[in-house]
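**Q** If it helps, the file is called target.txt and holds compact mmCIF, C-alpha atoms:
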```
# COMPACT_ATOMS: atom_id res chain seq x y z
CA MET A 3 12.61 -19.03 4.10
CA ALA A 4 10.81 -20.71 1.33
CA ASP A 5 7.71 -21.57 3.26
CA GLU A 6 4.43 -21.58 1.45
CA ARG A 7 2.38 -18.49 2.21
CA LYS A 8 -1.28 -18.85 3.00
CA SER A 9 -3.66 -16.93 0.80
CA LEU A 10 -7.36 -16.90 0.12
CA ILE A 11 -9.75 -15.68 -2.55
CA LYS A 12 -13.25 -14.87 -1.34
CA ILE A 13 -16.22 -14.17 -3.61
CA LYS A 14 -19.41 -12.50 -2.37
CA PRO A 15 -22.19 -13.53 -2.79
CA LYS A 16 -21.40 -17.26 -2.83
CA ARG A 17 -24.05 -18.05 -5.48
CA TYR A 18 -23.99 -15.81 -8.50
CA LYS A 19 -25.41 -15.74 -12.02
CA ASP A 20 -23.72 -15.09 -15.34
CA GLY A 21 -23.29 -11.37 -15.92
CA GLU A 22 -23.55 -10.47 -12.26
CA ILE A 23 -21.07 -8.11 -10.61
CA VAL A 24 -19.46 -9.81 -7.61
CA LYS A 25 -17.10 -8.68 -4.86
CA VAL A 26 -13.71 -10.41 -4.94
CA SER A 27 -11.26 -10.14 -2.08
CA PHE A 28 -7.75 -11.54 -2.02
CA MET A 29 -6.02 -11.98 1.33
CA VAL A 30 -2.46 -13.10 1.92
CA MET A 31 -0.34 -13.72 5.02
CA HIS A 32 2.65 -11.45 4.41
CA PRO A 33 4.87 -9.50 6.85
CA MET A 34 4.93 -6.24 4.78
CA ALA A 35 8.08 -5.02 6.60
CA THR A 36 8.91 -1.40 5.76
CA GLY A 37 12.65 -1.63 6.46
CA MET A 38 12.25 0.99 9.22
CA GLY A 39 11.11 -1.15 12.14
CA LYS A 40 13.38 -2.71 14.74
CA ASP A 41 13.35 -6.14 16.34
CA LYS A 42 12.66 -5.59 20.04
CA LYS A 43 14.95 -8.43 21.23
CA THR A 44 17.99 -8.17 18.95
CA LYS A 45 17.60 -4.39 18.28
CA LYS A 46 18.44 -4.90 14.63
CA ILE A 47 16.51 -3.35 11.77
CA ILE A 48 14.13 -5.76 10.11
CA PRO A 49 14.98 -5.78 6.37
CA ALA A 50 12.31 -4.50 4.00
CA LYS A 51 9.97 -7.12 2.60
CA TYR A 52 6.79 -5.96 0.96
CA ILE A 53 4.55 -6.81 -1.98
CA ASN A 54 5.39 -4.92 -5.17
CA SER A 55 2.58 -5.79 -7.52
CA VAL A 56 -0.66 -7.76 -7.61
CA LYS A 57 -2.42 -9.00 -10.75
CA PHE A 58 -5.96 -10.32 -11.17
CA VAL A 59 -6.33 -12.46 -14.32
CA TYR A 60 -9.72 -13.91 -15.33
CA ASN A 61 -9.83 -16.36 -18.26
CA GLY A 62 -6.45 -15.18 -19.57
CA LYS A 63 -7.51 -11.51 -19.54
CA GLU A 64 -5.97 -9.10 -17.06
CA ILE A 65 -8.75 -7.36 -15.12
CA THR A 66 -6.80 -5.34 -12.59
CA ASN A 67 -3.19 -4.77 -11.71
CA MET A 68 -1.85 -2.90 -8.71
CA ASN A 69 1.45 -1.23 -7.83
CA VAL A 70 1.95 -1.62 -4.11
CA TRP A 71 4.30 0.17 -1.70
CA GLU A 72 5.27 -0.68 1.85
CA SER A 73 2.60 1.35 3.64
CA LEU A 74 -0.06 -1.35 3.43
CA SER A 75 -0.88 -3.27 6.60
CA VAL A 76 0.50 -6.63 7.66
CA ASN A 77 -1.48 -9.46 6.01
CA PRO A 78 -3.06 -7.17 3.41
CA VAL A 79 -6.49 -7.51 1.80
CA PHE A 80 -7.28 -6.34 -1.72
CA THR A 81 -10.97 -6.01 -2.54
CA ILE A 82 -12.36 -5.19 -5.99
CA TYR A 83 -15.50 -5.88 -8.00
CA MET A 84 -15.64 -8.14 -11.06
CA LYS A 85 -18.13 -8.91 -13.79
CA VAL A 86 -18.79 -12.65 -14.19
CA GLN A 87 -18.54 -13.64 -17.85
CA GLY A 88 -19.01 -17.39 -18.15
CA LYS A 89 -17.22 -20.34 -16.58
CA GLY A 90 -13.53 -19.98 -16.03
CA LYS A 91 -10.69 -19.43 -13.64
CA LEU A 92 -9.59 -16.39 -11.65
CA THR A 93 -5.88 -16.25 -10.89
CA VAL A 94 -4.23 -13.79 -8.54
CA THR A 95 -0.44 -13.39 -8.63
CA TYR A 96 1.74 -11.21 -6.46
CA THR A 97 5.46 -10.42 -6.54
CA ASP A 98 7.63 -9.31 -3.66
CA ASN A 99 10.56 -6.85 -3.51
CA THR A 100 12.80 -9.86 -2.71
CA GLY A 101 11.61 -11.69 -5.84
CA GLU A 102 9.07 -13.97 -4.19
CA VAL A 103 6.18 -14.95 -6.46
CA HIS A 104 2.94 -16.50 -5.28
CA GLU A 105 -0.10 -17.61 -7.22
CA LYS A 106 -3.61 -18.53 -6.16
CA SER A 107 -6.54 -19.46 -8.35
CA LYS A 108 -10.23 -20.12 -7.96
CA LYS A 109 -12.80 -21.63 -10.33
CA ILE A 110 -15.67 -19.39 -11.37
CA LYS A 111 -18.92 -21.32 -11.70
CA PRO A 112 -22.00 -19.17 -12.36
CA LYS A 113 -25.35 -20.84 -11.64
CA GLY A 114 -28.64 -20.21 -13.38
CA MET B 5 56.75 25.81 27.54
CA GLN B 6 56.62 22.27 28.76
CA ARG B 7 53.59 22.97 30.86
CA ARG B 8 51.79 24.46 27.85
CA ASP B 9 52.50 21.42 25.72
CA PHE B 10 51.20 19.18 28.43
CA PHE B 11 47.89 21.04 28.59
CA LYS B 12 47.58 21.07 24.79
CA LYS B 13 47.97 17.30 24.69
CA LEU B 14 45.53 16.87 27.53
CA GLY B 15 42.94 19.00 25.75
CA SER B 16 43.22 17.10 22.45
CA ALA B 17 43.01 13.77 24.26
CA ALA B 18 39.87 14.88 26.04
CA ALA B 19 38.33 15.98 22.74
CA VAL B 20 39.04 12.58 21.15
CA GLY B 21 37.66 10.84 24.19
CA ALA B 22 34.47 12.87 24.02
CA ALA B 23 34.03 12.25 20.29
CA LEU B 24 34.56 8.48 20.42
CA PRO B 25 31.47 7.35 22.32
CA VAL B 26 29.24 9.49 20.09
CA MET B 27 30.70 7.92 16.96
CA SER B 28 30.43 4.37 18.27
CA PHE B 29 26.82 4.98 19.28
CA ALA B 30 26.03 6.28 15.81
CA ALA B 31 27.65 3.22 14.21
CA ASN B 32 25.59 0.88 16.37
CA ALA B 33 22.27 2.49 15.54
CA PRO B 34 22.10 3.93 12.01
CA LYS B 35 18.94 5.84 11.30
CA PRO B 36 16.48 3.69 9.38
CA VAL B 37 15.68 5.10 5.95
CA SER B 38 12.57 4.28 3.99
CA PRO B 39 13.44 2.32 0.81
CA ASN B 40 11.26 4.52 -1.41
CA LYS B 41 11.06 7.89 0.26
CA MET B 42 8.58 10.21 -1.42
CA ASP B 43 6.94 13.50 -0.53
CA TYR B 44 3.19 13.96 -0.82
CA LYS B 45 3.61 16.79 -3.34
CA THR B 46 6.07 14.97 -5.58
CA ALA B 47 3.89 11.86 -5.41
CA ILE B 48 0.86 13.82 -6.67
CA ASP B 49 2.96 15.47 -9.38
CA THR B 50 4.37 12.16 -10.64
CA ILE B 51 0.89 10.62 -10.83
CA THR B 52 -0.92 13.54 -12.46
CA GLY B 53 1.97 14.82 -14.57
CA GLY B 54 1.48 18.45 -13.49
CA LYS B 55 -2.32 18.55 -13.80
CA THR B 56 -4.33 19.87 -10.87
CA PRO B 57 -6.88 17.34 -9.58
CA LYS B 58 -10.48 18.52 -9.06
CA LYS B 59 -12.34 18.07 -5.79
CA SER B 60 -15.41 16.03 -6.56
CA SER B 61 -18.39 14.56 -4.75
CA LYS B 62 -18.28 11.56 -7.14
CA VAL B 63 -15.42 10.06 -5.15
CA HIS B 64 -16.57 8.44 -1.92
CA LEU B 65 -13.70 7.93 0.48
CA LYS B 66 -14.50 5.86 3.55
CA VAL B 67 -11.94 6.16 6.36
CA PRO B 68 -12.54 6.16 10.13
CA GLU B 69 -12.13 9.62 11.68
CA ILE B 70 -10.33 8.24 14.71
CA ALA B 71 -8.07 5.21 14.33
CA GLU B 72 -7.03 3.61 17.61
CA ASN B 73 -4.29 1.61 15.96
CA GLY B 74 -2.37 3.19 13.08
CA ALA B 75 -1.11 -0.19 11.86
CA VAL B 76 -4.53 -1.19 10.54
CA VAL B 77 -6.66 1.58 9.06
CA PRO B 78 -9.37 0.38 6.65
CA VAL B 79 -9.68 2.51 3.50
CA THR B 80 -12.43 2.23 0.91
CA VAL B 81 -12.63 4.26 -2.31
CA GLU B 82 -15.75 4.14 -4.45
CA VAL B 83 -16.40 6.20 -7.58
CA ASP B 84 -19.70 6.91 -9.35
CA SER B 85 -18.95 5.74 -12.86
CA PRO B 86 -20.85 3.74 -15.51
CA MET B 87 -17.70 1.64 -16.25
CA THR B 88 -18.41 1.27 -19.98
CA ASP B 89 -15.71 0.96 -22.64
CA SER B 90 -15.85 4.69 -23.44
CA ASP B 91 -16.22 6.05 -19.91
CA TYR B 92 -14.55 4.26 -17.04
CA VAL B 93 -12.23 4.80 -14.10
CA LYS B 94 -8.67 4.11 -15.18
CA ALA B 95 -6.93 4.11 -11.82
CA ILE B 96 -7.46 4.64 -8.12
CA HIS B 97 -4.50 5.85 -6.05
CA VAL B 98 -4.46 5.85 -2.25
CA LEU B 99 -2.04 8.37 -0.70
CA SER B 100 -1.16 9.61 2.76
CA THR B 101 0.16 13.11 3.46
CA LYS B 102 2.75 12.46 6.18
CA ASN B 103 4.03 8.88 5.77
CA SER B 104 7.69 8.73 4.68
CA ASN B 105 6.47 7.17 1.44
CA ALA B 106 3.28 9.00 0.56
CA ARG B 107 2.14 6.45 -2.02
CA CYS B 108 0.26 3.47 -0.62
CA ILE B 109 -1.20 1.74 -3.66
CA ASP B 110 -2.11 2.32 -7.32
CA VAL B 111 -4.99 0.23 -8.68
CA ASN B 112 -5.36 0.09 -12.46
CA LEU B 113 -8.94 -0.86 -13.30
CA THR B 114 -10.56 -1.94 -16.58
CA PRO B 115 -14.22 -1.95 -17.75
CA ALA B 116 -14.35 -5.68 -16.88
CA ASN B 117 -14.53 -4.70 -13.20
CA GLY B 118 -18.12 -3.50 -13.56
CA LYS B 119 -17.84 -1.20 -10.55
CA ALA B 120 -15.16 1.31 -9.57
CA TYR B 121 -14.44 0.16 -6.05
CA PHE B 122 -11.34 -0.67 -4.05
CA SER B 123 -10.73 -1.36 -0.41
CA THR B 124 -7.70 -2.30 1.67
CA ARG B 125 -5.98 -1.59 4.99
CA VAL B 126 -3.06 0.82 5.35
CA LYS B 127 -0.46 1.78 7.95
CA LEU B 128 -0.37 5.40 9.13
CA GLY B 129 2.59 6.84 11.04
CA GLY B 130 0.57 9.55 12.78
CA THR B 131 -2.39 11.89 12.53
CA GLN B 132 -2.70 12.94 8.88
CA ASP B 133 -4.93 13.01 5.81
CA VAL B 134 -5.75 10.02 3.64
CA VAL B 135 -6.26 10.96 0.00
CA GLY B 136 -8.06 9.12 -2.77
CA LEU B 137 -6.91 10.24 -6.24
CA VAL B 138 -8.93 8.96 -9.18
CA GLU B 139 -7.92 8.99 -12.84
CA LEU B 140 -10.75 8.87 -15.40
CA SER B 141 -10.46 7.45 -18.92
CA ASN B 142 -10.72 10.97 -20.45
CA GLY B 143 -7.58 12.07 -18.57
CA GLU B 144 -9.29 13.99 -15.77
CA PHE B 145 -8.22 13.67 -12.15
CA LEU B 146 -10.61 13.75 -9.19
CA ILE B 147 -9.59 13.93 -5.55
CA ALA B 148 -11.12 13.38 -2.12
CA SER B 149 -9.43 13.55 1.25
CA GLN B 150 -10.21 13.05 4.91
CA SER B 151 -8.18 13.56 8.05
CA VAL B 152 -7.58 10.60 10.36
CA LYS B 153 -6.64 10.95 14.01
CA VAL B 154 -4.16 8.25 14.99
CA THR B 155 -3.53 7.55 18.66
CA ILE B 156 -0.80 4.90 18.17
CA GLY B 157 1.50 5.15 15.13
CA GLY B 158 1.82 2.12 12.89
CA CYS B 159 5.13 2.48 11.06
CA GLY B 160 7.21 0.76 13.77
```
Can you give me the file's structure in the form of structure tokens?
**A**
Amino acid sequence: MADERKSLIKIKPKRYKDGEIVKVSFMVMHPMATGMGKDKKTKKIIPAKYINSVKFVYNGKEITNMNVWESLSVNPVFTIYMKVQGKGKLTVTYTDNTGEVHEKSKKIKPKG
Amino acid sequence: MQRRDFFKKLGSAAAVGAALPVMSFAANAPKPVSPNKMDYKTAIDTITGGKTPKKSSKVHLKVPEIAENGAVVPVTVEVDSPMTDSDYVKAIHVLSTKNSNARCIDVNLTPANGKAYFSTRVKLGGTQDVVGLVELSNGEFLIASQSVKVTIGGCG
């Protein structure tokens, strides 16, 4: 299934100044199957499919990277803080244990 | 002698008959095994490299005391740290004591974060402790833990 996964980057507060520390949350629609659960209808084990690693890159510089295991919830949320340093782009990439790669980016525009 | 042989054969046939259904049942439903099984103790040892983490009030772990649904348990870890180039939080690890894989997530932070904070949602298989293990830039380890009561397990 090569369907496009939905993901979202949220920044709080919406209006921010240069040098301010803002809250960044990345959400993605992902099954996060542990490989231990069973399908109730077919009674077969659902194969493991979970996110392995997440990277936050801001203006070409890696801010945060995460090693993830299967015990995170379905449709996980990753929330961190970030220091705004000028105009630029924030890119979040994740990789899957099945080799799936997804990328999402958001422009950073400080005001005032 | 003939009668004895007959009973011997009967007995062995019965034994095979009894063993068969058990085997076929086992073949149909193999026990699910976690892909990365890891104990809580070995997980802590692999992260710290043999060092003993210190209990500290600097680490603020926010977990609900009673979770109605173990599939979605919000976890927040916040650390009091200036986050300068010389003194910052290197990594935040979230662990659980009784899940088949104790490690949930490792977050490697940098001074560009500005604040040592991480929050997510985890699955818990039952009533257990959630542990926040923090690695500082000077190589020290701090720890904070809290027990969570789970009424419905989440690792399906």
**Q** Give me, as a PyMOL selection string, the contact residues of chain B against chain A at a cut-off of 7 Å, counting all atoms listed in the file.
**A** chain B and resi 36-39+75-76+107-114+116-119+121-127+160
**Q** Which one of A:Lys14, A:Lys51, A:Lys8, A:Lys19 sits closest to Met34 (chain A) if you count all atoms listed in the file?
**A**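 Closest to Met34 (chain A), using all atoms listed in the file: A:Lys51.
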**Q** Measuring between all atoms listed in the file, which one of B:Ser85, B:Thr155, B:Thr101, B:Asn40 shows the shortest distance to Leu140 (chain B)?
**A**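 Nearest candidate to Leu140 (chain B) out of B:Ser85, B:Thr155, B:Thr101, B:Asn40: B:Ser85.
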**Q** Tell me which of A:Pro15, A:Lys43, A:Val26, A:Lys89 sits closest to Lys111 (chain A), counting all atoms listed in the file.
**A**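 Distance minimum relative to Lys111 (chain A) lands on A:Lys89.
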**Q** Quick check, in Å to one decimal: how far apart do CA of Gln132 (chain B) and CA of Ser100 (chain B) lie?
**A** 7.1 Å
**Q** For Thr93 (chain A), find every residue with an atom within 8 Å (counting all atoms listed in the file), except residues of its own chain fewer than 5 positions away, and show them as a PyMOL selection string.
**A** chain A and resi 58-60+105-108
**Q** Record the distance separating CA of Thr52 (chain B) and CA of Phe145 (chain B), expressed in Å with one decimal.
**A**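 For CA of Thr52 (chain B) relative to CA of Phe145 (chain B), the distance reads 7.3 Å.
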**Q** In Å, rounded to a single decimal, give me how far CA of Asp84 (chain B) is from CA of Leu137 (chain B).
**A**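 Interatomic distance, CA of Leu137 (chain B) to CA of Asp84 (chain B): 13.6 Å.
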**Q** What's the 9 Å shell around Ala47 (chain B), counting only C-alpha atoms, without same-chain residues fewer than 3 positions away, as a list in words?
**A**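 Contacts, in chain order: Met42, Asp43, Tyr44, Thr50, Ile51, Thr52, Leu99, Asn105, Ala106 and Arg107 of chain B.
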**Q** Considering all atoms listed in the file, state which residue in the set A:His32, A:Lys12, A:Lys42, A:Arg7 is at the smallest distance from Lys109 (chain A).
**A** A:Lys12
**Q** So that I can see what lies close to Lys58 (chain B), please list as a list in words the residues with an atom at most 10 Å from it, counting only C-alpha atoms and leaving out residues fewer than 5 positions away in the same chain.
**A**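 My reading of the contact set: Leu137, Val138, Glu144, Phe145, Leu146, Ile147 and Ala148 of chain B.
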**Q** Identify, on the basis of only C-alpha atoms, every residue whose closest approach to Asn103 (chain B) does not exceed 8 Å; exclude the query and any residue fewer than 5 positions from it along the same chain; express the result as a ChimeraX atom specification.
**A** /A:73 /B:128-130
**Q** Enclose all atoms of region 71-87 of chain B listed in the file in an axis-aligned box, grow every side by 4 Å, and hand back centre and edge lengths in Å to one decimal, as lines of an AutoDock Vina configuration file.
**A**
```
center_x = -11.0
center_y = 2.9
center_z = 0.7
size_x = 27.7
size_y = 16.1
size_z = 41.9
```
**Q** Using only C-alpha atoms, determine which residues lie at most 10 Å from Val154 (chain B), disregarding the query and same-chain residues fewer than 3 positions distant; provide the list as a ChimeraX atom specification.
**A** /B:68-75,77,128-132,151,157-158
